[in-house]
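**Q** Here you go, this is work_32.cif (mmCIF, C-alpha atoms and all ligand atoms).
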```cif
data_structure
#
loop_
_atom_site.label_atom_id
_atom_site.label_comp_id
_atom_site.auth_asym_id
_atom_site.auth_seq_id
_atom_site.Cartn_x
_atom_site.Cartn_y
_atom_site.Cartn_z
CA MET A 30 182.60 87.25 106.48
CA SER A 31 180.14 87.72 109.32
CA SER A 32 178.10 84.72 110.33
CA TYR A 33 174.59 86.04 109.78
CA THR A 34 172.24 84.50 107.24
CA ARG A 35 170.50 87.07 105.13
CA ARG A 36 166.80 86.31 104.81
CA VAL A 37 164.82 87.88 102.01
CA THR A 38 161.07 87.40 102.12
CA PRO A 39 159.13 87.28 99.96
CA PRO A 40 160.05 85.60 97.75
CA GLN A 41 161.92 82.68 99.17
CA PRO A 42 165.58 82.85 98.12
CA LEU A 43 166.06 81.20 94.75
CA LEU A 44 168.62 78.66 95.92
CA GLU A 45 166.32 77.53 98.75
CA ARG A 46 163.36 77.19 96.40
CA TYR A 47 165.32 74.83 94.16
CA ARG A 48 167.62 73.44 96.85
CA ASP A 49 166.70 69.83 96.01
CA LEU A 50 168.03 70.31 92.46
CA LEU A 51 171.03 72.50 93.23
CA ALA A 52 172.52 71.83 96.64
CA ARG A 53 175.31 69.42 97.56
CA ASP A 54 174.25 67.64 100.74
CA GLY A 55 173.01 70.35 103.03
CA GLU A 56 175.47 73.07 102.02
CA PRO A 57 174.50 76.51 103.33
CA PHE A 58 173.52 79.37 101.03
CA PRO A 59 174.00 82.39 103.31
CA ILE A 60 174.04 85.01 100.55
CA SER A 61 170.87 86.16 98.77
CA LEU A 62 169.79 89.48 97.32
CA GLY A 63 166.28 88.28 96.43
CA GLU A 64 167.15 87.00 92.97
CA GLY A 65 164.82 85.04 90.67
CA ALA A 66 161.01 84.84 90.81
CA THR A 67 160.94 87.19 87.82
CA PRO A 68 157.61 87.83 86.07
CA LEU A 69 156.43 85.90 83.04
CA ILE A 70 154.30 88.44 81.23
CA HIS A 71 151.66 87.51 78.65
CA ALA A 72 152.46 90.09 75.96
CA ARG A 73 149.05 90.52 74.35
CA ARG A 74 149.64 93.78 72.49
CA LEU A 75 153.10 92.87 71.24
CA GLY A 76 151.84 89.38 70.39
CA ALA A 77 149.01 90.82 68.32
CA GLU A 78 151.54 92.94 66.43
CA LEU A 79 153.71 89.89 65.73
CA GLY A 80 150.81 87.50 65.04
CA LEU A 81 151.40 85.36 68.12
CA ALA A 82 148.53 84.67 70.53
CA HIS A 83 150.70 83.14 73.24
CA LEU A 84 153.80 85.30 73.44
CA TYR A 85 155.37 85.62 76.88
CA LEU A 86 158.18 87.82 78.16
CA LYS A 87 160.35 86.49 80.98
CA PHE A 88 161.55 89.82 82.36
CA GLU A 89 164.90 89.29 84.02
CA GLY A 90 165.33 93.02 84.60
CA THR A 91 163.61 92.65 87.98
CA ASN A 92 166.55 90.69 89.38
CA PRO A 93 168.49 92.53 92.13
CA THR A 94 171.15 93.89 89.78
CA GLY A 95 168.81 94.09 86.80
CA SER A 96 169.88 91.07 84.77
CA PHE A 97 169.69 87.27 84.60
CA LYS A 98 173.30 87.03 85.72
CA ASP A 99 172.18 87.07 89.37
CA ARG A 100 170.75 83.53 89.02
CA GLY A 101 174.18 82.01 88.48
CA MET A 102 176.16 84.57 90.45
CA VAL A 103 174.30 83.80 93.67
CA LEU A 104 175.37 80.15 93.45
CA ALA A 105 178.93 80.94 92.31
CA VAL A 106 179.53 83.43 95.13
CA ASN A 107 177.93 81.24 97.82
CA ARG A 108 180.23 78.39 96.71
CA ALA A 109 183.25 80.72 96.56
CA VAL A 110 182.51 81.73 100.16
CA GLY A 111 182.12 78.07 101.15
CA ALA A 112 185.48 77.29 99.57
CA GLY A 113 187.20 80.08 101.51
CA ALA A 114 187.87 82.32 98.50
CA ARG A 115 189.73 85.56 99.22
CA ALA A 116 188.59 87.42 96.10
CA ILE A 117 186.53 86.97 92.97
CA VAL A 118 187.29 88.07 89.44
CA CYS A 119 185.47 88.25 86.12
CA ALA A 120 185.68 89.64 82.61
CA SER A 121 182.49 91.27 81.45
CA THR A 122 180.57 93.21 78.84
CA GLY A 123 178.90 94.78 81.89
CA ASN A 124 176.17 92.72 83.50
CA THR A 125 178.38 90.00 84.92
CA SER A 126 180.52 92.68 86.56
CA ALA A 127 177.46 94.44 88.03
CA SER A 128 176.23 91.15 89.46
CA ALA A 129 179.64 89.97 90.70
CA ALA A 130 180.25 93.33 92.39
CA ALA A 131 176.94 93.18 94.26
CA TYR A 132 177.21 89.57 95.47
CA ALA A 133 180.87 90.04 96.41
CA ALA A 134 179.89 93.09 98.44
CA ALA A 135 177.19 91.10 100.24
CA ALA A 136 179.75 88.36 100.96
CA GLY A 137 182.41 90.82 102.10
CA LEU A 138 184.81 89.73 99.35
CA PRO A 139 186.92 91.96 97.11
CA CYS A 140 185.82 91.84 93.47
CA HIS A 141 188.00 92.55 90.44
CA VAL A 142 186.44 93.12 87.05
CA ILE A 143 188.20 93.33 83.70
CA LEU A 144 186.22 95.34 81.15
CA PRO A 145 186.63 96.28 77.49
CA ALA A 146 187.38 100.03 77.50
CA GLY A 147 184.63 102.30 76.20
CA LYS A 148 182.11 99.54 75.48
CA VAL A 149 180.34 98.97 78.76
CA ALA A 150 176.90 100.58 79.15
CA ARG A 151 176.79 103.44 81.65
CA GLY A 152 174.39 101.88 84.14
CA LYS A 153 176.45 98.70 84.41
CA LEU A 154 179.66 100.60 85.00
CA ALA A 155 177.94 102.68 87.68
CA GLN A 156 176.75 99.51 89.44
CA ALA A 157 180.21 97.96 89.60
CA LEU A 158 181.79 101.22 90.78
CA ALA A 159 179.10 101.87 93.38
CA ALA A 160 179.53 98.41 94.89
CA GLY A 161 183.25 98.99 95.29
CA ALA A 162 184.55 96.60 92.66
CA ARG A 163 188.08 97.21 91.43
CA LEU A 164 187.85 98.00 87.76
CA VAL A 165 190.52 97.31 85.18
CA MET A 166 189.80 98.59 81.67
CA VAL A 167 191.65 96.89 78.85
CA ASP A 168 192.38 98.08 75.39
CA GLY A 169 190.68 95.10 73.79
CA ASN A 170 187.30 93.40 73.62
CA PHE A 171 185.52 91.00 75.97
CA ASP A 172 187.29 87.99 74.47
CA ALA A 173 190.72 89.43 75.33
CA ALA A 174 189.52 90.21 78.86
CA LEU A 175 188.21 86.67 79.35
CA THR A 176 191.50 85.17 78.15
CA ALA A 177 193.32 87.17 80.85
CA VAL A 178 190.79 86.13 83.51
CA ARG A 179 191.23 82.43 82.69
CA ARG A 180 194.96 82.83 83.43
CA LEU A 181 194.30 84.64 86.70
CA GLY A 182 192.01 81.78 87.73
CA GLU A 183 194.69 79.21 86.95
CA ASP A 184 197.08 81.14 89.19
CA GLY A 185 194.59 80.63 92.03
CA LEU A 186 194.59 84.29 93.10
CA ALA A 187 190.82 84.66 92.83
CA VAL A 188 187.75 82.59 92.01
CA VAL A 189 186.60 83.21 88.43
CA VAL A 190 182.86 83.88 88.27
CA ASN A 191 182.48 83.98 84.51
CA SER A 192 180.35 81.20 83.06
CA ILE A 193 183.44 79.01 82.69
CA ASN A 194 182.70 78.51 86.41
CA PRO A 195 180.14 75.64 86.28
CA ASP A 196 178.18 77.05 89.23
CA ARG A 197 177.08 79.94 87.02
CA LEU A 198 175.29 77.76 84.48
CA GLU A 199 173.95 75.50 87.24
CA GLY A 200 172.22 78.49 88.78
CA GLN A 201 171.00 79.88 85.48
CA GLN A 202 168.97 76.73 84.89
CA THR A 203 166.49 78.19 87.37
CA GLY A 204 165.24 80.50 84.63
CA ALA A 205 163.96 77.49 82.69
CA TRP A 206 162.48 75.95 85.83
CA GLU A 207 160.55 79.11 86.63
CA VAL A 208 159.16 79.24 83.09
CA VAL A 209 157.84 75.69 83.39
CA ASP A 210 156.47 76.36 86.89
CA ALA A 211 154.67 79.49 85.67
CA LEU A 212 153.20 77.99 82.48
CA GLY A 213 152.46 74.56 83.94
CA ARG A 214 154.19 73.08 80.88
CA ALA A 215 157.26 73.67 78.70
CA PRO A 216 156.82 76.33 76.01
CA ASP A 217 156.91 75.31 72.35
CA ALA A 218 159.80 77.68 71.75
CA LEU A 219 162.13 79.74 73.93
CA ALA A 220 164.03 82.67 72.41
CA LEU A 221 167.00 84.52 73.86
CA PRO A 222 170.03 86.57 72.88
CA VAL A 223 173.36 84.76 72.52
CA GLY A 224 176.65 86.37 73.53
CA ASN A 225 179.07 84.14 75.42
CA ALA A 226 176.40 81.43 74.93
CA GLY A 227 176.12 80.48 78.59
CA ASN A 228 172.45 81.26 79.01
CA ILE A 229 171.18 79.25 76.02
CA THR A 230 173.30 76.35 77.29
CA ALA A 231 171.90 76.70 80.82
CA TYR A 232 168.26 77.01 79.73
CA TRP A 233 168.49 73.92 77.55
CA ARG A 234 170.08 71.92 80.37
CA GLY A 235 167.46 73.27 82.73
CA PHE A 236 164.55 72.16 80.56
CA GLY A 237 166.14 68.73 80.13
CA ARG A 238 166.81 68.33 83.83
CA TYR A 239 163.29 69.36 84.82
CA ALA A 240 161.70 66.94 82.37
CA ASP A 241 164.03 64.12 83.46
CA GLU A 242 163.09 64.77 87.09
CA GLY A 243 159.41 64.46 86.21
CA ARG A 244 158.74 68.10 87.08
CA THR A 245 157.57 69.22 83.64
CA PRO A 246 153.89 68.37 83.04
CA GLY A 247 153.70 66.71 79.62
CA ASN A 248 157.47 66.15 79.66
CA GLY A 249 158.01 68.68 76.86
CA ARG A 250 161.06 70.69 75.91
CA PRO A 251 161.04 73.82 73.78
CA ARG A 252 162.85 74.51 70.52
CA MET A 253 165.71 76.80 71.50
CA LEU A 254 165.89 79.94 69.38
CA GLY A 255 169.15 81.89 69.84
CA PHE A 256 169.90 85.25 68.25
CA GLN A 257 173.18 87.04 67.76
CA ALA A 258 173.73 90.57 66.45
CA ASP A 259 174.90 90.42 62.84
CA GLY A 260 178.14 92.25 63.69
CA ALA A 261 178.89 89.74 66.45
CA ALA A 262 177.62 86.42 65.14
CA PRO A 263 180.44 83.87 65.37
CA ILE A 264 178.14 80.87 65.85
CA VAL A 265 175.96 81.78 62.87
CA ARG A 266 178.98 82.42 60.67
CA GLY A 267 180.83 79.36 61.95
CA GLU A 268 184.04 81.12 62.98
CA PRO A 269 185.29 83.51 65.67
CA ILE A 270 184.85 87.21 64.91
CA GLU A 271 188.04 89.21 65.42
CA ALA A 272 186.41 92.61 65.99
CA PRO A 273 182.75 92.16 66.96
CA GLU A 274 180.57 95.28 66.84
CA THR A 275 176.96 95.88 67.82
CA VAL A 276 174.83 98.48 69.57
CA ALA A 277 173.90 95.64 71.92
CA THR A 278 177.20 95.83 73.82
CA ALA A 279 176.16 93.02 76.19
CA ILE A 280 176.51 90.54 73.32
CA ARG A 281 179.52 92.12 71.64
CA ILE A 282 181.45 88.84 71.83
CA GLY A 283 183.46 87.22 69.06
CA ASN A 284 184.46 83.86 70.53
CA PRO A 285 181.84 82.50 72.95
CA ALA A 286 183.08 80.30 75.81
CA SER A 287 179.99 78.05 75.64
CA TRP A 288 180.01 77.66 71.85
CA ASP A 289 179.57 73.86 72.03
CA GLY A 290 176.75 74.16 74.54
CA ALA A 291 174.89 76.55 72.26
CA VAL A 292 175.27 74.26 69.26
CA ALA A 293 174.03 71.32 71.34
CA ALA A 294 171.03 73.34 72.54
CA ARG A 295 170.21 74.29 68.97
CA ASP A 296 170.62 70.84 67.46
CA ASP A 297 169.21 68.68 70.25
CA SER A 298 166.12 70.88 70.56
CA GLY A 299 165.42 71.17 66.84
CA GLY A 300 165.97 74.90 67.21
CA LEU A 301 168.14 77.49 65.51
CA ILE A 302 170.71 80.23 66.06
CA GLU A 303 170.35 83.14 63.64
CA MET A 304 171.21 86.82 63.56
CA VAL A 305 169.39 90.15 63.62
CA THR A 306 170.55 93.64 62.69
CA ASP A 307 171.21 96.50 65.11
CA GLU A 308 168.32 98.36 63.49
CA GLU A 309 165.92 95.49 64.20
CA ILE A 310 167.20 95.32 67.77
CA LEU A 311 166.53 99.00 68.47
CA THR A 312 163.15 98.97 66.70
CA VAL A 313 162.01 95.99 68.72
CA GLN A 314 163.40 97.37 71.99
CA ARG A 315 161.07 100.33 71.43
CA MET A 316 158.13 98.10 70.44
CA ILE A 317 158.43 96.06 73.63
CA VAL A 318 158.31 99.07 75.93
CA GLN A 319 155.73 101.01 73.92
CA LEU A 320 153.35 98.06 73.58
CA GLU A 321 153.94 96.32 76.90
CA GLY A 322 155.58 98.84 79.23
CA VAL A 323 158.55 96.55 79.71
CA PHE A 324 161.86 98.34 79.26
CA CYS A 325 164.73 96.01 78.41
CA GLU A 326 168.24 96.68 77.21
CA PRO A 327 169.15 96.32 73.51
CA ALA A 328 170.68 92.83 73.77
CA SER A 329 167.48 91.53 75.33
CA ALA A 330 165.47 92.78 72.37
CA ALA A 331 167.54 90.61 70.00
CA GLY A 332 165.54 87.52 70.97
CA VAL A 333 162.23 89.22 70.33
CA ALA A 334 163.54 90.68 67.05
CA GLY A 335 164.35 87.15 65.94
CA VAL A 336 160.91 85.88 66.94
CA ARG A 337 159.30 88.76 65.07
CA ARG A 338 161.08 87.70 61.92
CA LEU A 339 160.31 83.98 62.35
CA ALA A 340 156.63 84.74 62.97
CA ALA A 341 156.48 86.94 59.85
CA GLU A 342 158.02 84.09 57.85
CA ARG A 343 155.58 81.59 59.40
CA ARG A 344 158.46 79.62 60.86
CA ILE A 345 156.65 80.01 64.18
CA GLY A 346 152.94 79.21 64.16
CA PRO A 347 150.39 81.76 65.46
CA ALA A 348 149.14 79.46 68.23
CA GLU A 349 152.51 78.34 69.55
CA VAL A 350 153.51 79.14 73.13
CA VAL A 351 156.63 81.28 72.76
CA VAL A 352 158.71 82.65 75.63
CA CYS A 353 161.27 85.41 75.04
CA VAL A 354 163.82 85.95 77.80
CA LEU A 355 164.42 89.67 78.34
CA THR A 356 167.83 89.29 79.88
CA GLY A 357 168.50 92.79 81.23
CA HIS A 358 166.83 96.06 82.28
CA GLY A 359 166.65 99.04 79.93
CA LEU A 360 167.99 101.37 82.62
CA LYS A 361 171.34 99.64 82.23
CA ASP A 362 171.96 101.45 78.98
CA PRO A 363 170.27 104.86 78.88
CA ASP A 364 172.45 105.98 75.95
CA ALA A 365 170.81 103.41 73.69
CA VAL A 366 167.51 105.29 73.81
CA GLN A 367 167.67 107.89 71.07
CA GLY A 368 165.35 110.45 69.53
CA GLU A 369 162.72 112.58 71.25
CA GLU A 370 165.39 115.04 72.51
CA GLY A 371 163.88 117.71 70.26
CA THR A 372 160.77 117.86 72.44
CA LEU A 373 162.88 118.55 75.51
CA VAL A 374 163.80 122.15 74.60
CA PRO A 375 162.49 124.35 77.48
CA ILE A 376 159.56 126.69 76.81
CA PRO A 377 157.99 129.43 78.96
CA ALA A 378 156.19 127.98 81.99
CA ASP A 379 152.79 129.58 81.29
CA LEU A 380 149.72 127.45 80.60
CA GLY A 381 149.27 128.83 77.08
CA SER A 382 152.75 127.82 75.98
CA ILE A 383 152.44 124.43 77.65
CA ARG A 384 149.05 123.74 76.00
CA GLU A 385 150.54 124.70 72.66
CA ALA A 386 153.55 122.40 73.19
CA MET A 387 151.19 119.56 74.14
CA GLU A 388 149.27 120.13 70.91
CA LEU A 389 146.00 119.99 72.85
C1 LIG B 401 171.62 91.53 78.88
O1 LIG B 401 178.05 90.46 81.32
O2 LIG B 401 178.62 88.31 78.73
O3 LIG B 401 175.02 84.22 75.90
O4 LIG B 401 179.93 89.74 80.56
O5 LIG B 401 174.31 90.94 79.57
O6 LIG B 401 174.96 83.83 78.36
O7 LIG B 401 176.63 85.38 77.37
C2 LIG B 401 176.59 89.39 79.26
C3 LIG B 401 175.78 88.72 78.38
C4 LIG B 401 172.39 88.54 76.93
C5 LIG B 401 174.30 87.06 76.60
N1 LIG B 401 171.75 89.59 77.46
O8 LIG B 401 174.23 85.94 77.46
C6 LIG B 401 178.70 89.82 80.51
C7 LIG B 401 177.99 89.09 79.43
C8 LIG B 401 172.40 90.39 78.34
C9 LIG B 401 173.72 90.13 78.70
C10 LIG B 401 173.69 88.24 77.24
C11 LIG B 401 174.39 89.04 78.13
P1 LIG B 401 175.26 84.77 77.27
#
```
Please rewrite the model in this file as structure tokens.
Ligand code: AN7
**A**
Amino acid sequence: MSSYTRRVTPPQPLLERYRDLLARDGEPFPISLGEGATPLIHARRLGAELGLAHLYLKFEGTNPTGSFKDRGMVLAVNRAVGAGARAIVCASTGNTSASAAAYAAAAGLPCHVILPAGKVARGKLAQALAAGARLVMVDGNFDAALTAVRRLGEDGLAVVVNSINPDRLEGQQTGAWEVVDALGRAPDALALPVGNAGNITAYWRGFGRYADEGRTPGNGRPRMLGFQADGAAPIVRGEPIEAPETVATAIRIGNPASWDGAVAARDDSGGLIEMVTDEEILTVQRMIVQLEGVFCEPASAAGVAGVRRLAAERRIGPAEVVVCVLTGHGLKDPDAVQGEEGTLVPIPADLGSIREAMEL
């Protein structure tokens, strides 16, 4: 690797901003792509629809590779570089591979990604390919791919950057810290999708850490609300799912690595982990972008779909401060946006025909 330090301004690189909470005595963080500092958006129109006056969207789609994975990847890859790694490897439903490929490229390291064949959203695949990652497709799901990656890690051939690497969850705590910094308090509830269960684990640790450090005004912690897709809901059902299926391919995971962390987050926070249907996910994905202009991928909508249901059932109060983490950008998965094609049939280019088509 070359010896330059990449500076990205603004904002200040995430790991520098929270250096006092993350760094081991003065270690360098030469790699940054400008991750973090994502917007917390007061969703007034969507909130009105759901009956929530203080609904916020933490839009992680503005991260460099378009998902929250960059928060942990930046720490994992910086540490891999510091440890003299020769390559990195991950299994992925898509976003981890897109993030790993980008940070490995910036570090000048080869990146190998093991993906479930046919189930990775088009944008994510394009990202990994474009960044020069070496792709291996397996005839199996994410869980099978992760099992293989664990073995490769044990053999010491490459540093594993899945969330079984503790640096990943360390870095992902920054999402919680930014929420508290932006609100000036902890929210009453924080909702997010649950796949491999790393993010819910990291957020809960992050809120705890921030409060313990005296950095959360009022010392509060939110109830953690996790949502799985009903075809891929091992934690809700209490057992691994052999063949998980959901339109939200990011969370098509049957045996989450951070299962215990998710259960701890749920129980220690007085929260819950429940499931939503694919239909609810797609409906709510559309609601979010059509009411707020924020385009997230299907998995990200699962958290909001869950909040919508809890609000309707009055299990969330109308005045509570609720943050939904929108984990990934909608452009990741263009195939998930259906309908409307009928209006795209070409017509003659004269004004009369166009007026008629516009129904003006
Ligand atoms: C958009 O990329 O597991 O519960 O391999 O991409 O921390 O796993 C992605 C997961 C939610 C679930 N939203 O987070 C992968 C991968 C999006 C995601 C999740 C993922 P975790």
**Q** Write out as a list in words each polymer residue whose atoms come within 12 Å of Gln41 in chain A, counting all atoms listed in the file; drop sequence neighbours fewer than 5 positions from it.
**A**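 Counting all atoms listed in the file, the residues come to Arg35, Arg36, Arg46, Tyr47, Arg48, Ser61, Leu62, Gly63, Glu64, Gly65 and Ala66 of chain A.
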**Q** Could you give me, as a list in words, the residues within 12 Å of Val276 in chain A, counting all atoms listed in the file and dropping anything in the same chain fewer than 6 positions from it?
**A**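 With the cut-off at 12 Å, the set is Lys148, Val149, Ala150, Gln257, Ala258, Asp259, Gly260, Ala261, Ile282, Val305, Thr306, Asp307, Glu308, Glu309, Ile310, Leu311, Gln314, Glu326, Pro327, Ala328, Ser329, Ala330, Ala331, Asp362, Asp364, Ala365, Val366 and Gln367 of chain A.
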**Q** Can you pull out every residue within 9 Å of range 132-134 of chain A, counting all atoms listed in the file, but drop anything in the same chain fewer than 6 positions away, and send it as a list in words?
**A** Ile60, Ser61, Leu62, Asp99, Met102, Val103, Val106, Asn107, Ala116, Ile117, Cys140, Ala160, Gly161 and Ala162 of chain A
**Q** Taking all atoms listed in the file into account, name the residue in A:Asn191, A:Thr122, A:Asn228, A:Thr203 that is nearest to Thr275 in chain A.
**A** A:Thr122
**Q** Given all atoms listed in the file, how would the per-residue table for chain A near ligand LIG 401 (chain B) read, listing every residue at most 9 Å away with its closest atom pair and distance in Å to one decimal, sorted by chain and number, as a Markdown table?
**A**
```
| residue | atom | partner | partner_atom | distance |
| --- | --- | --- | --- | --- |
| A:Glu89 | CA | B:LIG401 | C1 | 8.8 |
| A:Gly90 | CA | B:LIG401 | C1 | 8.6 |
| A:Gly95 | CA | B:LIG401 | C1 | 8.8 |
| A:Ser96 | CA | B:LIG401 | C1 | 6.2 |
| A:Phe97 | CA | B:LIG401 | C1 | 7.4 |
| A:Lys98 | CA | B:LIG401 | O1 | 7.3 |
| A:Cys119 | CA | B:LIG401 | O4 | 8.0 |
| A:Ala120 | CA | B:LIG401 | O4 | 6.1 |
| A:Ser121 | CA | B:LIG401 | O4 | 3.1 |
| A:Thr122 | CA | B:LIG401 | O4 | 3.9 |
| A:Gly123 | CA | B:LIG401 | O1 | 4.4 |
| A:Asn124 | CA | B:LIG401 | O1 | 3.7 |
| A:Thr125 | CA | B:LIG401 | O1 | 3.6 |
| A:Ser126 | CA | B:LIG401 | O1 | 6.2 |
| A:Ala127 | CA | B:LIG401 | O1 | 7.8 |
| A:Ser128 | CA | B:LIG401 | O1 | 8.4 |
| A:Leu144 | CA | B:LIG401 | O4 | 8.4 |
| A:Lys153 | CA | B:LIG401 | O1 | 8.9 |
| A:Phe171 | CA | B:LIG401 | O4 | 7.3 |
| A:Leu175 | CA | B:LIG401 | O4 | 8.9 |
| A:Asn191 | CA | B:LIG401 | O4 | 7.4 |
| A:Ser192 | CA | B:LIG401 | O6 | 7.6 |
| A:Leu198 | CA | B:LIG401 | O6 | 8.6 |
| A:Leu221 | CA | B:LIG401 | C4 | 7.4 |
| A:Pro222 | CA | B:LIG401 | C4 | 5.1 |
| A:Val223 | CA | B:LIG401 | O3 | 3.8 |
| A:Gly224 | CA | B:LIG401 | O3 | 3.6 |
| A:Asn225 | CA | B:LIG401 | O7 | 3.4 |
| A:Ala226 | CA | B:LIG401 | O3 | 3.3 |
| A:Gly227 | CA | B:LIG401 | O6 | 3.6 |
| A:Asn228 | CA | B:LIG401 | O6 | 3.7 |
| A:Ile229 | CA | B:LIG401 | O3 | 6.3 |
| A:Thr230 | CA | B:LIG401 | O6 | 7.7 |
| A:Ala231 | CA | B:LIG401 | O6 | 8.1 |
| A:Gly255 | CA | B:LIG401 | O3 | 8.8 |
| A:Gln257 | CA | B:LIG401 | O3 | 8.8 |
| A:Ala277 | CA | B:LIG401 | C1 | 8.4 |
| A:Thr278 | CA | B:LIG401 | O5 | 8.1 |
| A:Ala279 | CA | B:LIG401 | O5 | 4.4 |
| A:Ile280 | CA | B:LIG401 | C5 | 5.3 |
| A:Arg281 | CA | B:LIG401 | O2 | 8.1 |
| A:Ile282 | CA | B:LIG401 | O2 | 7.5 |
| A:Pro285 | CA | B:LIG401 | O7 | 7.4 |
| A:Ala286 | CA | B:LIG401 | O7 | 8.4 |
| A:Ser287 | CA | B:LIG401 | O3 | 7.9 |
| A:Ala291 | CA | B:LIG401 | O3 | 8.5 |
| A:Cys325 | CA | B:LIG401 | C1 | 8.2 |
| A:Glu326 | CA | B:LIG401 | C1 | 6.4 |
| A:Pro327 | CA | B:LIG401 | C1 | 7.6 |
| A:Ala328 | CA | B:LIG401 | N1 | 5.0 |
| A:Ser329 | CA | B:LIG401 | N1 | 5.2 |
| A:Ala330 | CA | B:LIG401 | N1 | 8.7 |
| A:Ala331 | CA | B:LIG401 | N1 | 8.6 |
| A:Val354 | CA | B:LIG401 | N1 | 8.7 |
| A:Leu355 | CA | B:LIG401 | N1 | 7.4 |
| A:Thr356 | CA | B:LIG401 | C1 | 4.5 |
| A:Gly357 | CA | B:LIG401 | C1 | 4.1 |
| A:His358 | CA | B:LIG401 | C1 | 7.4 |
| A:Lys361 | CA | B:LIG401 | C1 | 8.8 |
```
**Q** For CA of Val110 in chain A and CA of Asn170 in chain A, quote the distance in Å rounded to one decimal.
**A**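 The value is 29.4 Å.
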**Q** Find the distance between CA of Arg338 in chain A and CA of Leu79 in chain A and write it in Å to one decimal.
**A**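 Separation between CA of Arg338 in chain A and CA of Leu79 in chain A: 8.6 Å.
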**Q** Give as a PDB file with C-alpha atoms, in the frame of the given file every residue, naming chains and numbers as the document does, that has an atom within 10 Å of (155.8, 69.8, 80.9), counting all atoms listed in the file.
**A**
```pdb
ATOM      1  CA  VAL A 209     157.840  75.690  83.390  1.00  0.00           C
ATOM      2  CA  ASP A 210     156.470  76.360  86.890  1.00  0.00           C
ATOM      3  CA  LEU A 212     153.200  77.990  82.480  1.00  0.00           C
ATOM      4  CA  GLY A 213     152.460  74.560  83.940  1.00  0.00           C
ATOM      5  CA  ARG A 214     154.190  73.080  80.880  1.00  0.00           C
ATOM      6  CA  ALA A 215     157.260  73.670  78.700  1.00  0.00           C
ATOM      7  CA  PRO A 216     156.820  76.330  76.010  1.00  0.00           C
ATOM      8  CA  PHE A 236     164.550  72.160  80.560  1.00  0.00           C
ATOM      9  CA  TYR A 239     163.290  69.360  84.820  1.00  0.00           C
ATOM     10  CA  ALA A 240     161.700  66.940  82.370  1.00  0.00           C
ATOM     11  CA  GLY A 243     159.410  64.460  86.210  1.00  0.00           C
ATOM     12  CA  ARG A 244     158.740  68.100  87.080  1.00  0.00           C
ATOM     13  CA  THR A 245     157.570  69.220  83.640  1.00  0.00           C
ATOM     14  CA  PRO A 246     153.890  68.370  83.040  1.00  0.00           C
ATOM     15  CA  GLY A 247     153.700  66.710  79.620  1.00  0.00           C
ATOM     16  CA  ASN A 248     157.470  66.150  79.660  1.00  0.00           C
ATOM     17  CA  GLY A 249     158.010  68.680  76.860  1.00  0.00           C
ATOM     18  CA  ARG A 250     161.060  70.690  75.910  1.00  0.00           C
ATOM     19  CA  PRO A 251     161.040  73.820  73.780  1.00  0.00           C
TER      20      PRO A 251
END
```
**Q** Smallest atom-to-atom distance to Gly290 in chain A: which of A:Ala334, A:Ala159, A:Ile264, A:Leu219, using only C-alpha atoms?
**A**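 Ranking A:Ala334, A:Ala159, A:Ile264, A:Leu219 by distance to Gly290 in chain A, first place goes to A:Ile264.
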**Q** Expressed in Å to a single decimal, how great is the separation between CA of Arg315 in chain A and CA of Ala77 in chain A?
**A** 15.7 Å
**Q** Taking the block just given, write range 260-282 of chain A to a file that holds C-alpha atoms, as a CSV table (one decimal), in the first residue's frame.
**A**
```csv
chain,number,residue,atom,x,y,z
A,260,GLY,CA,-39.9,-16.0,5.0
A,261,ALA,CA,-36.6,-15.4,6.7
A,262,ALA,CA,-37.4,-15.0,10.4
A,263,PRO,CA,-35.3,-17.5,12.4
A,264,ILE,CA,-35.2,-15.3,15.5
A,265,VAL,CA,-38.9,-14.7,15.6
A,266,ARG,CA,-39.6,-18.4,15.0
A,267,GLY,CA,-36.9,-19.5,17.5
A,268,GLU,CA,-35.0,-21.8,15.1
A,269,PRO,CA,-32.8,-21.6,12.0
A,270,ILE,CA,-34.6,-21.5,8.7
A,271,GLU,CA,-33.2,-24.0,6.2
A,272,ALA,CA,-34.4,-22.2,3.0
A,273,PRO,CA,-35.0,-18.5,3.7
A,274,GLU,CA,-36.9,-16.6,1.1
A,275,THR,CA,-37.9,-12.9,0.8
A,276,VAL,CA,-38.0,-10.2,-1.8
A,277,ALA,CA,-35.7,-8.3,0.6
A,278,THR,CA,-32.6,-10.3,-0.5
A,279,ALA,CA,-30.3,-8.4,1.9
A,280,ILE,CA,-32.0,-10.1,4.8
A,281,ARG,CA,-32.5,-13.5,3.2
A,282,ILE,CA,-30.6,-15.2,6.1
```
